[in-house]
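The structure appears right after this line, and notes come after that.
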Amino acid sequence: MDNNYCIILAGGIGSRFWPYSRKRRPKQFLDFFGTGESLLQQTYRRYAPVFAKGHIYIVTNTRYEAFVREQLPDLPSESILLEPIQRNTAAAIAYAAKHIHAVNPDAVLAIAPSDHLVTKEQIFAERIRQALELAATKETIVTLGIKPTYPEVGYGYIQATAQDGSDDLREGHFYPVKTFTEKPNMHMAKVLVDSGEFFWNSGIFIGQCSHFLHELEVNMPELTERLFQDSSVWNTDRESDYISERYPYCPSISFDYAVMEKSQNAVMLLCDIGWADVGSWNTIYTLTEHDADRNATIGATPTIYNDSSGNLVVLDKPDGLVVLQGVNDLIVVQKDDVLVICRKSEGEKLKQVIPEAMNIDEKFVD
């Protein structure tokens with residue numbers, strides 16, 4: 001029996017990618033790069049060669065069910081798990097893991113965000129298979145680590161070292177995890193990258209389904225006591241009503257904070273897979289072609305940069321003109337009825353603006 005399953009997390013609103021990513025259509029359902037596929041479709045296609053048909057599940061909010069069905073029409077209905085309310089990744093993983101455990105108690109899971117880019121897809125598939133093989137024989141959580149190429153404040157970091165004390169960590173090898181560090185400031189990010197011991201946390205986790213449940217019960221009892229109270233409902237007709245009743249009372253916390261920072265036996269698989277988390281405008285800037293002055297433009301609107309460098313301009317209006325004079329390192333984003341201008345160094349703070357925007361008019365975020 002094939003025990004390998006994949007859970008794709010697709011319920012977030014991508015607040016750091018606002019105003020393109022909004023509640024009414026978050027970034028995972030957008031074809032932002034003009035590839036003909038949304039981020040969700042790319043993610044599903046990337047995992048499909050590794051997992052048997054029917055073994056890939058999508059966890060999303062009830063309001064996005066129609067998007068999932070439209071973009072993944074071949075996905076079986078029973079493979080869509082619906083959250084009645086957003087409660088971050090710990091609750092989403094707990095929900096999906098408990099459901100799949102009822103389907104197959106010997107399941108081995110790959111937990112996958114829906115908003116990543118991977119350019120080396122064949123190597124990626126090999127590394128997922130490699131991690132699944134290890135996880136099937138060992139009670140551990142494998143996370144894919146990426147060698148950092150620059151200090152990124154929007155990513156989490158994994159500290160890992162070779163057991164023999166060697167500084168030469170090799171791609172495709174497993175290493176014990178010492179610590180997880182979530183989204184440092186720029187000073188700390190530079191320290192972590194310069195140390196050579198820290199790697200980008202891809203947010204992709206692989207392990208036995210039963211072990212995920214054990215780690216959640218040990219490290220997040222306030223979640224599992226609410227969600228796992230009635231073991232008889234899972235994978236039955238009563239599951240949906242049970243989730244609707246219980247899920248809103250689950251704490252809203254990421255799996256990284258809730259479990260991975262506390263886990264004592266996680267291992268990192270070092271990967272070179274051409275990975276990027278499309279989580280913020282800073283990442284978009286890094287992924288976009290630059291001119292001689294390091295300016296990047298997305299969209300058809302003509303843009304003039306005069307005595308300006310290191311800027312990102314993103315507009316969805318085909319007509320008009322944008323002129324930047326004497327400014328550096330800005331993010332300028334226009335989408336429909338919202339214009340955002342901020343320093344690149346402040347891009348991670350955009351999600352703090354959303355509550356105030358909602359106070360003005362909910363249409364600006366919905």
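Every chain in the structure tokens has a letter given in the order shown (A, B, ...), and although residue numbers restart at 1 in each chain, ligands are simply numbered from 1 in the order shown.
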Pick out the residues sitting within 12 Å of region 47-52 of chain A, and hand them over as a PyMOL selection string; count only C-alpha atoms, and ignore anything fewer than 5 positions along from it in its own chain. chain A and resi 1-8+40-42+57-58+72+74-75+107-114+118+121-133+204
Considering only C-alpha atoms, tabulate each residue of region 9-127 of chain A that lies at most 6 Å from region 277-298 of chain A along with its nearest interatomic pair and the corresponding distance in Å to one decimal; arrange the rows by chain and ascending residue number and present them as CSV.
residue,atom,partner,partner_atom,distance
A:Arg16,CA,A:Ser280,CA,5.2
A:Phe17,CA,A:Ser280,CA,5.1
A:Asp115,CA,A:Val278,CA,5.9
A:His116,CA,A:Asp277,CA,4.5
Can you tell me, as an NGL selection string, which residues in region 19-217 of chain A count as helix (DSSP H, G or I) by DSSP? :A and (27-29 or 39-47 or 62-71 or 77-79 or 88-103 or 121-137 or 186-195 or 209-217)
Keeping only C-alpha atoms, write the selected residues as a short mmCIF file (atom, residue, chain, number, x, y, z; two decimals), in the first residue's frame.
data_model
loop_
_atom_site.label_atom_id
_atom_site.label_comp_id
_atom_site.auth_asym_id
_atom_site.auth_seq_id
_atom_site.Cartn_x
_atom_site.Cartn_y
_atom_site.Cartn_z
CA LYS A 27 -1.98 35.20 -4.06
CA GLN A 28 -2.03 31.37 -4.27
CA PHE A 29 -4.82 31.68 -6.86
CA LEU A 39 0.91 29.43 -7.64
CA LEU A 40 -1.47 26.71 -6.43
CA GLN A 41 -1.54 25.04 -9.85
CA GLN A 42 2.25 25.13 -10.03
CA THR A 43 2.51 23.60 -6.56
CA TYR A 44 0.04 20.80 -7.34
CA ARG A 45 1.81 19.99 -10.61
CA ARG A 46 5.16 19.91 -8.79
CA TYR A 47 3.97 17.32 -6.28
CA THR A 62 -14.51 27.69 2.73
CA ARG A 63 -14.63 30.96 0.76
CA TYR A 64 -11.90 29.65 -1.59
CA GLU A 65 -13.42 26.25 -2.36
CA ALA A 66 -14.65 27.43 -5.76
CA PHE A 67 -11.14 28.63 -6.72
CA VAL A 68 -9.65 25.24 -5.83
CA ARG A 69 -12.29 23.36 -7.83
CA GLU A 70 -11.87 25.71 -10.80
CA GLN A 71 -8.08 25.55 -10.86
CA SER A 77 -13.97 16.38 -3.78
CA GLU A 78 -12.90 14.36 -0.73
CA SER A 79 -9.37 15.74 -1.16
CA ASN A 88 -2.86 29.68 10.74
CA THR A 89 -0.80 26.64 9.83
CA ALA A 90 -0.71 24.70 13.11
CA ALA A 91 -4.49 24.22 13.10
CA ALA A 92 -4.57 23.50 9.36
CA ILE A 93 -1.89 20.81 9.68
CA ALA A 94 -3.56 19.31 12.76
CA TYR A 95 -6.90 19.12 10.92
CA ALA A 96 -5.45 17.53 7.79
CA ALA A 97 -3.16 15.13 9.66
CA LYS A 98 -6.00 13.89 11.85
CA HIS A 99 -8.21 13.37 8.79
CA ILE A 100 -5.55 11.45 6.85
CA HIS A 101 -4.63 9.38 9.90
CA ALA A 102 -8.25 8.17 9.96
CA VAL A 103 -7.91 7.25 6.28
CA GLU A 121 11.63 20.62 -10.33
CA GLN A 122 13.29 17.27 -11.08
CA ILE A 123 15.77 17.68 -8.22
CA PHE A 124 12.91 18.86 -6.03
CA ALA A 125 10.94 15.64 -6.69
CA GLU A 126 14.05 13.58 -5.88
CA ARG A 127 14.52 15.40 -2.56
CA ILE A 128 10.87 14.92 -1.56
CA ARG A 129 11.15 11.19 -2.28
CA GLN A 130 14.40 11.07 -0.31
CA ALA A 131 12.76 12.77 2.68
CA LEU A 132 9.72 10.47 2.52
CA GLU A 133 11.98 7.41 2.57
CA LEU A 134 13.79 8.59 5.69
CA ALA A 135 10.59 9.67 7.46
CA ALA A 136 8.98 6.29 6.83
CA THR A 137 11.69 4.58 8.91
CA MET A 186 18.00 42.78 8.94
CA HIS A 187 20.90 42.99 11.38
CA MET A 188 20.23 39.51 12.73
CA ALA A 189 19.60 38.11 9.24
CA LYS A 190 23.07 39.28 8.19
CA VAL A 191 24.59 37.67 11.29
CA LEU A 192 22.82 34.38 10.58
CA VAL A 193 23.86 34.28 6.91
CA ASP A 194 27.47 35.24 7.70
CA SER A 195 27.72 32.46 10.29
CA CYS A 209 1.35 11.26 10.19
CA SER A 210 1.31 9.71 13.67
CA HIS A 211 4.48 11.61 14.56
CA PHE A 212 3.02 14.94 13.43
CA LEU A 213 0.03 14.25 15.69
CA HIS A 214 2.32 13.31 18.58
CA GLU A 215 4.37 16.51 18.22
CA LEU A 216 1.20 18.59 18.12
CA GLU A 217 -0.24 16.88 21.22
#
Minimum-distance residue to Asp272 (chain A), chosen among A:Asp31, A:Glu356, A:Glu171, A:Glu139 (using only C-alpha atoms): A:Glu171
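In this model, the gap between CA of Gly347 (chain A) and CA of Asp361 (chain A) comes to 21.8 Å.
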Among listed residues A:Gln264, A:Asp307, A:Val177, A:Ser345, nearest Asn219 (chain A) (using only C-alpha atoms): A:Gln264
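CA of Gly203 (chain A) is positioned 23.9 Å from CA of Pro248 (chain A).
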Could you list, as a PDB file with N, CA and C atoms, in the first residue's frame, every residue within 6 Å of region 311-324 of chain A, counting only C-alpha atoms and ignoring same-chain residues fewer than 6 positions away?
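Contents of selection-v2.pdb, freshly written:
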ATOM      1  N   ASN A 295      16.655  48.948 -10.783  1.00  0.00           N
ATOM      2  CA  ASN A 295      15.210  49.156 -10.743  1.00  0.00           C
ATOM      3  C   ASN A 295      14.510  47.978 -11.429  1.00  0.00           C
ATOM      4  N   ALA A 296      13.351  47.598 -10.897  1.00  0.00           N
ATOM      5  CA  ALA A 296      12.572  46.495 -11.460  1.00  0.00           C
ATOM      6  C   ALA A 296      11.148  46.964 -11.715  1.00  0.00           C
ATOM      7  N   THR A 297      10.605  46.620 -12.881  1.00  0.00           N
ATOM      8  CA  THR A 297       9.263  47.037 -13.262  1.00  0.00           C
ATOM      9  C   THR A 297       8.446  45.820 -13.667  1.00  0.00           C
ATOM     10  N   ILE A 298       7.220  45.726 -13.135  1.00  0.00           N
ATOM     11  CA  ILE A 298       6.271  44.686 -13.531  1.00  0.00           C
ATOM     12  C   ILE A 298       5.004  45.375 -14.001  1.00  0.00           C
ATOM     13  N   GLY A 299       4.542  45.016 -15.191  1.00  0.00           N
ATOM     14  CA  GLY A 299       3.357  45.648 -15.754  1.00  0.00           C
ATOM     15  C   GLY A 299       3.706  46.406 -17.021  1.00  0.00           C
ATOM     16  N   ALA A 300       2.674  46.798 -17.750  1.00  0.00           N
ATOM     17  CA  ALA A 300       2.866  47.429 -19.054  1.00  0.00           C
ATOM     18  C   ALA A 300       2.983  48.943 -18.986  1.00  0.00           C
ATOM     19  N   THR A 301       2.771  49.538 -17.815  1.00  0.00           N
ATOM     20  CA  THR A 301       2.805  50.992 -17.696  1.00  0.00           C
ATOM     21  C   THR A 301       4.224  51.515 -17.919  1.00  0.00           C
ATOM     22  N   PRO A 302       4.442  52.496 -18.823  1.00  0.00           N
ATOM     23  CA  PRO A 302       5.777  53.080 -19.013  1.00  0.00           C
ATOM     24  C   PRO A 302       6.282  53.708 -17.713  1.00  0.00           C
ATOM     25  N   THR A 303       7.545  53.475 -17.416  1.00  0.00           N
ATOM     26  CA  THR A 303       8.139  53.980 -16.179  1.00  0.00           C
ATOM     27  C   THR A 303       9.467  54.649 -16.488  1.00  0.00           C
ATOM     28  N   ILE A 304       9.667  55.839 -15.939  1.00  0.00           N
ATOM     29  CA  ILE A 304      10.930  56.561 -16.085  1.00  0.00           C
ATOM     30  C   ILE A 304      11.586  56.649 -14.717  1.00  0.00           C
ATOM     31  N   TYR A 305      12.812  56.171 -14.641  1.00  0.00           N
ATOM     32  CA  TYR A 305      13.596  56.285 -13.418  1.00  0.00           C
ATOM     33  C   TYR A 305      14.695  57.310 -13.664  1.00  0.00           C
ATOM     34  N   LEU A 330      12.532  51.932  -3.081  1.00  0.00           N
ATOM     35  CA  LEU A 330      11.110  52.018  -2.772  1.00  0.00           C
ATOM     36  C   LEU A 330      10.344  50.859  -3.415  1.00  0.00           C
ATOM     37  N   ILE A 331       9.203  50.544  -2.810  1.00  0.00           N
ATOM     38  CA  ILE A 331       8.201  49.676  -3.411  1.00  0.00           C
ATOM     39  C   ILE A 331       7.017  50.560  -3.792  1.00  0.00           C
ATOM     40  N   VAL A 332       6.640  50.545  -5.066  1.00  0.00           N
ATOM     41  CA  VAL A 332       5.477  51.303  -5.551  1.00  0.00           C
ATOM     42  C   VAL A 332       4.553  50.300  -6.216  1.00  0.00           C
ATOM     43  N   VAL A 333       3.398  50.072  -5.608  1.00  0.00           N
ATOM     44  CA  VAL A 333       2.472  49.057  -6.101  1.00  0.00           C
ATOM     45  C   VAL A 333       1.084  49.677  -6.243  1.00  0.00           C
ATOM     46  N   GLN A 334       0.497  49.508  -7.424  1.00  0.00           N
ATOM     47  CA  GLN A 334      -0.879  49.953  -7.658  1.00  0.00           C
ATOM     48  C   GLN A 334      -1.689  48.763  -8.159  1.00  0.00           C
ATOM     49  N   LYS A 335      -2.826  48.538  -7.508  1.00  0.00           N
ATOM     50  CA  LYS A 335      -3.743  47.473  -7.919  1.00  0.00           C
ATOM     51  C   LYS A 335      -5.162  47.955  -7.706  1.00  0.00           C
TER      52      LYS A 335
END
Just checking: using only C-alpha atoms, which residue out of A:Val365, A:Tyr242, A:Asp336, A:Glu37 ends up closest to Leu117 (chain A)? A:Glu37
For the strand (DSSP E or B) assignment from backbone DSSP, which residues of region 191-241 of chain A qualify? Please present them as JSON, numbers by chain. {"A": [198, 199, 200, 201, 202, 203, 204, 205, 206, 207, 208]}
Write the residues of the preceding selection, restricted to C-alpha atoms, as a CSV table (one decimal), in the first residue's frame.
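Okay, this is what ended up in selection-v7.csv:
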chain,number,residue,atom,x,y,z
A,198,PHE,CA,21.9,29.0,9.2
A,199,PHE,CA,19.7,28.0,6.2
A,200,TRP,CA,16.5,29.3,4.9
A,201,ASN,CA,13.5,27.4,6.2
A,202,SER,CA,11.4,26.3,3.2
A,203,GLY,CA,8.4,25.6,5.3
A,204,ILE,CA,8.1,22.1,3.8
A,205,PHE,CA,7.9,19.4,6.4
A,206,ILE,CA,7.9,15.6,6.0
A,207,GLY,CA,7.1,13.0,8.6
A,208,GLN,CA,4.9,10.1,9.7
In Å to one decimal, how far is CA of Lys147 (chain A) from CA of Thr179 (chain A)? 15.5 Å
Which of these residues is nearest to Ile243 (chain A), using only C-alpha atoms: A:Asp230, A:Glu346, A:Glu222, A:Glu152? A:Asp230
Which residues come within 10 Å of region 159-162 of chain A, counting only C-alpha atoms, excluding same-chain residues fewer than 4 positions away, as a compact mmCIF listing (two decimals) with N, CA and C atoms, in the first residue's frame?
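Dumped everything to selection22.txt:
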# COMPACT_ATOMS: atom_id res chain seq x y z
N GLY A 145 15.98 22.51 3.86
CA GLY A 145 16.73 23.72 4.10
C GLY A 145 17.39 24.21 2.82
N SER A 166 32.29 19.24 10.61
CA SER A 166 32.72 19.81 9.34
C SER A 166 31.88 21.03 8.98
N ASP A 167 32.52 22.01 8.35
CA ASP A 167 31.81 23.21 7.90
C ASP A 167 31.19 23.01 6.52
N ASP A 168 31.53 21.90 5.88
CA ASP A 168 31.10 21.67 4.50
C ASP A 168 29.84 20.83 4.48
N LEU A 169 28.69 21.48 4.59
CA LEU A 169 27.41 20.78 4.49
C LEU A 169 27.07 20.60 3.02
N ARG A 170 26.66 19.40 2.65
CA ARG A 170 26.49 19.07 1.23
C ARG A 170 25.02 18.93 0.86
N HIS A 173 22.06 15.93 1.61
CA HIS A 173 22.40 15.20 2.83
C HIS A 173 21.56 15.71 3.99
N PHE A 174 21.35 14.83 4.97
CA PHE A 174 20.56 15.16 6.16
C PHE A 174 21.48 15.63 7.29
N TYR A 175 20.98 16.62 8.06
CA TYR A 175 21.74 17.14 9.20
C TYR A 175 20.79 17.42 10.36
N PRO A 176 21.23 17.13 11.61
CA PRO A 176 20.38 17.43 12.77
C PRO A 176 20.11 18.94 12.88
N VAL A 177 18.89 19.28 13.22
CA VAL A 177 18.53 20.68 13.42
C VAL A 177 18.86 21.09 14.84
N LYS A 178 19.55 22.21 14.99
CA LYS A 178 19.87 22.73 16.32
C LYS A 178 18.80 23.72 16.79
N THR A 179 18.47 24.68 15.94
CA THR A 179 17.46 25.68 16.31
C THR A 179 16.71 26.16 15.06
N PHE A 180 15.51 26.70 15.31
CA PHE A 180 14.75 27.44 14.30
C PHE A 180 14.67 28.89 14.74
N THR A 181 14.83 29.81 13.80
CA THR A 181 14.70 31.24 14.09
C THR A 181 13.72 31.84 13.09
N LEU A 192 23.13 35.79 10.82
CA LEU A 192 22.82 34.38 10.58
C LEU A 192 23.45 33.90 9.27
N SER A 195 27.23 33.54 9.43
CA SER A 195 27.72 32.46 10.29
C SER A 195 27.98 31.17 9.52
N GLY A 196 27.25 30.97 8.41
CA GLY A 196 27.39 29.74 7.64
C GLY A 196 26.67 28.55 8.22
N GLU A 197 26.05 28.72 9.39
CA GLU A 197 25.35 27.61 10.05
C GLU A 197 23.84 27.68 9.86
N PHE A 198 23.34 28.76 9.27
CA PHE A 198 21.90 28.96 9.17
C PHE A 198 21.45 28.88 7.71
N PHE A 199 20.28 28.27 7.52
CA PHE A 199 19.74 28.03 6.18
C PHE A 199 18.29 28.49 6.16
N TRP A 200 17.85 28.90 4.97
CA TRP A 200 16.46 29.31 4.85
C TRP A 200 15.54 28.12 5.14
N ASN A 201 14.49 28.38 5.89
CA ASN A 201 13.48 27.37 6.19
C ASN A 201 12.43 27.40 5.09
N VAL A 267 15.26 17.01 11.53
CA VAL A 267 16.46 16.96 10.70
C VAL A 267 16.22 17.82 9.46
N MET A 268 17.31 18.36 8.92
CA MET A 268 17.24 19.19 7.73
C MET A 268 17.85 18.45 6.55
N LEU A 269 17.17 18.46 5.43
CA LEU A 269 17.72 17.98 4.16
C LEU A 269 18.14 19.20 3.36
N LEU A 270 19.44 19.36 3.16
CA LEU A 270 19.95 20.53 2.45
C LEU A 270 19.67 20.37 0.96
